[in-house]
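Participant: Mind having a look at this structure? Questions to follow.
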Amino acid sequence: MPFSAPSTSVPSRPSSARPSPGRRTGAAPTGYLATLDGWRAVAILLVLLAHMRFRLFSAGGLYPQATLEAICEQGVIGVPIFFGISGLLICSRLLEERRLRGEIDLRGFYLRRVFRILPPYFLLLATIAGLGAYQGVRIAWSDLQACLGFYRNYIPGENAASWYTAHFWSLAVEEHFYVLLPTLLVACVTARRTAYALLGIAFAVITWRAMANRFTFVSPDFLFLTYRTDIRIDGLLLGALAALALEASVWRERCQRALTPIVVASGLLLLALAPWLRLPSLPTLTAVVVPLLLLGTLLYPSSRLGRLLELAPLRWIGRMSYSLYLWQQIFFTPIHQPLTDIPMPALLPDALLTWPGNLIGLLACATASYYVVERPLTRLGRRLAEPATEGRAP
């Protein structure tokens with residue numbers, strides 16, 4: 001998911017290729033750029049900020065402040081950033097494998113994905129079910145079943161406790177992308193055909209979303225429908241298109257000329273102001289702009305923004321982003337169910353739900369999950385299905 005992308009690397013260029021101005025001559029052979037781990041950190045910190053607002057700045061929180069709550073709410077833009085990163089990285093690694101091996105090993109790809117994503121995911125689902133039984137909170141089987149089947153973004157949730165699995169809508173979108181992208185790469189064969197297919201499907205998704213917003217196809221009560229794959233997958237598709245641009249020398253040079261640090265800084269400012277500008281389609285804006293920002297920092301990693309994103313603390317948070325995203329929902333539980341006055345049933349004691357106990361608890365839990373479960377099993381998956389390039393240690 002946002003959170004479950006492969007090694008943060010981009011396709012290495014042939015030795016005869018002309019290096020980009022921002023590319024460091026001492027880069028690893030795999031083309032690893034720590035910049036993208038920094039982007040992951042930015043994404044997860046924004047999501048955490050959006051969820052921390054409930055008990056910090058909302059009514060009944062520690063510091064009720066409507067303006068601060070509204071600002072923090074915009075942290076949900078972190079999810080589209082995750083989508084852009086995942087689309088770019090997944091496509092990059094598949095293209096890299098086809099270039100080095102002559103074909104894409106789908107069995108190996110899915111085996112590595114299973115070991116990368118499912119163990120910490122299943123652990124969390126078991127923890128939610130266990131804590132629910134212990135605290136007397138009814139965790140609906142329909143919600144858990146939707147999570148196991150990766151269609152959580154197509155059901156509204158059965159009760160207030162559905163909060164604890166609601167964030168898996170984004171994982172469902174990514175899992176659907178993991179099926180679509182390799183299929184396109186194998187079926188289309190050439191990069192040109194793949195690019196046309198990605199662009200065409202992304203345009204269809206954007207058009208369909210605009211129509212869904214304009215016309216009432218479903219009851220307005222079903223707010224969850226804004227998380228459906230068919231109206232949110234364009235961010236991943238355009239991220240994959242960015243990977244194709246990196247592969248093609250002509251498009252890489254064009255992007256390099258266009259996406260200068262000043263342009264990237266302007267794009268960041270646009271994203272920051274977009275929620276307040278009342279633009280007609282924020283999802284479309286983020287789906288288009290985020291991959292361009294990622295390309296800009298990949299092509300100019302020595303820029304000020306690139307160096308900032310490569311700071312060691314940010315890179316560490318970025319590597320932990322999947323575990324942090326998985327576990328944050330049980331620590332950042334709202335006082336009331338969002339958009340209602342229904343009290344939210346808690347799975348943890350108050351000390352672990354209020355600031356700063358919730359943040360400390362999340363960091364401790366996510367760190368344990370990452371080092372004890374996620375990292376070792378990711379390595380096991382790599383041993384069982386060796387990738388085309390070793391990449392960084394997971």
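Following the order of the structure tokens, first chain is A, next is B, and so on, with residues numbered from 1 inside each chain and ligands from 1 in the order they appear.
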With only C-alpha atoms as the counted atoms, please give the residues lying no more than 9 Å from Gly267 (chain A), apart from itself and same-chain residues fewer than 5 positions off, as a list in words.

Facilitator: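 That gives Ile262, Ala272, Val289, Val290, Leu292 and Leu293 of chain A.
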
Participant: In region 23-113 of chain A, what's helix (DSSP H, G or I) per DSSP? Answer as a VMD selection string?

Facilitator: chain A and resid 35 to 56 66 to 101 106 to 113

Participant: Selected residues, C-alpha atoms, written as a CSV table (one decimal), in the first residue's frame, please.

Facilitator:
chain,number,residue,atom,x,y,z
A,35,THR,CA,14.4,10.8,-1.4
A,36,LEU,CA,11.4,8.5,-1.8
A,37,ASP,CA,11.7,7.2,1.8
A,38,GLY,CA,11.5,10.8,2.8
A,39,TRP,CA,8.3,11.2,0.7
A,40,ARG,CA,6.9,8.2,2.5
A,41,ALA,CA,7.7,9.9,5.8
A,42,VAL,CA,5.9,13.1,4.7
A,43,ALA,CA,2.9,11.0,3.6
A,44,ILE,CA,2.5,9.1,6.9
A,45,LEU,CA,3.1,12.1,9.0
A,46,LEU,CA,0.3,13.9,7.2
A,47,VAL,CA,-2.0,11.0,7.7
A,48,LEU,CA,-1.1,10.8,11.4
A,49,LEU,CA,-1.7,14.5,11.8
A,50,ALA,CA,-5.2,14.2,10.2
A,51,HIS,CA,-6.1,11.4,12.7
A,52,MET,CA,-4.5,13.0,15.8
A,53,ARG,CA,-6.7,16.0,15.3
A,54,PHE,CA,-9.7,14.2,16.8
A,55,ARG,CA,-8.5,14.1,20.4
A,56,LEU,CA,-6.3,17.2,20.1
A,66,ALA,CA,-11.8,24.6,14.9
A,67,THR,CA,-9.1,26.3,12.7
A,68,LEU,CA,-6.4,23.9,13.8
A,69,GLU,CA,-8.7,21.0,13.3
A,70,ALA,CA,-9.5,22.1,9.8
A,71,ILE,CA,-5.8,22.5,8.9
A,72,CYS,CA,-4.9,19.1,10.3
A,73,GLU,CA,-7.8,17.5,8.5
A,74,GLN,CA,-6.1,18.2,5.2
A,75,GLY,CA,-3.4,15.7,6.2
A,76,VAL,CA,-5.5,13.1,4.3
A,77,ILE,CA,-3.6,14.2,1.3
A,78,GLY,CA,-0.9,11.9,2.5
A,79,VAL,CA,-2.8,8.9,1.0
A,80,PRO,CA,-2.6,10.2,-2.6
A,81,ILE,CA,1.2,10.8,-2.0
A,82,PHE,CA,1.4,7.1,-1.0
A,83,PHE,CA,-0.5,6.1,-4.1
A,84,GLY,CA,1.9,8.0,-6.3
A,85,ILE,CA,5.0,6.5,-4.6
A,86,SER,CA,3.6,3.0,-4.9
A,87,GLY,CA,2.6,3.3,-8.5
A,88,LEU,CA,6.0,4.6,-9.5
A,89,LEU,CA,8.0,2.0,-7.5
A,90,ILE,CA,5.9,-1.0,-8.3
A,91,CYS,CA,6.1,-0.2,-12.0
A,92,SER,CA,9.8,0.7,-11.8
A,93,ARG,CA,10.7,-2.7,-10.3
A,94,LEU,CA,8.6,-4.7,-12.8
A,95,LEU,CA,10.1,-2.7,-15.7
A,96,GLU,CA,13.6,-3.3,-14.3
A,97,GLU,CA,12.9,-7.0,-14.0
A,98,ARG,CA,11.8,-7.2,-17.6
A,99,ARG,CA,14.8,-5.3,-18.8
A,100,LEU,CA,17.3,-7.5,-16.9
A,101,ARG,CA,15.6,-10.9,-17.3
A,106,LEU,CA,4.5,-12.8,-11.8
A,107,ARG,CA,4.8,-15.7,-9.4
A,108,GLY,CA,7.9,-14.1,-7.8
A,109,PHE,CA,6.3,-10.7,-7.7
A,110,TYR,CA,3.1,-11.9,-5.9
A,111,LEU,CA,5.1,-14.1,-3.6
A,112,ARG,CA,7.2,-11.1,-2.5
A,113,ARG,CA,4.1,-9.0,-2.1

Participant: Of the candidates A:Asn159, A:Thr190, A:Thr127, A:Ser369, which shows the shortest atom-to-atom distance to Ser142 (chain A), using only C-alpha atoms?

Facilitator: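 Of A:Asn159, A:Thr190, A:Thr127, A:Ser369, the one nearest Ser142 (chain A) is A:Asn159, counting only C-alpha atoms.
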
Participant: Counting only C-alpha atoms, which residues in region 146-178 of chain A sit no more than 8 Å from region 331-355 of chain A? For each one, give the nearest pair of atoms and the distance in Å, sorted by chain then residue number, as a tab-separated table.

Facilitator:
residue	atom	partner	partner_atom	distance
A:Ala160	CA	A:Met344	CA	6.1
A:Ala161	CA	A:Pro345	CA	6.4
A:Trp163	CA	A:Gln337	CA	7.7

Participant: Mind writing the picked residues with N, CA and C atoms as a JSON list (two decimals), in the first residue's frame?

Facilitator:
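result.json written:
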[["chain", "number", "residue", "atom", "x", "y", "z"],
["A", 160, "ALA", "N", -20.08, 1.54, 14.67],
["A", 160, "ALA", "CA", -19.08, 2.53, 15.02],
["A", 160, "ALA", "C", -17.68, 1.93, 15.08],
["A", 161, "ALA", "N", -17.57, 0.66, 15.49],
["A", 161, "ALA", "CA", -16.27, 0.01, 15.59],
["A", 161, "ALA", "C", -15.64, -0.25, 14.22],
["A", 163, "TRP", "N", -14.55, 1.85, 12.45],
["A", 163, "TRP", "CA", -13.41, 2.77, 12.38],
["A", 163, "TRP", "C", -12.08, 2.03, 12.34]]

Participant: Quick one: everything within 12 Å of Leu118 (chain A), counting only C-alpha atoms, minus sequence neighbours fewer than 2 positions away in the same chain. Send it as a PyMOL selection string.

Facilitator: chain A and resi 1+4+110-116+120-126+147-150+171+175+322-323+326+373-374+377-378+381
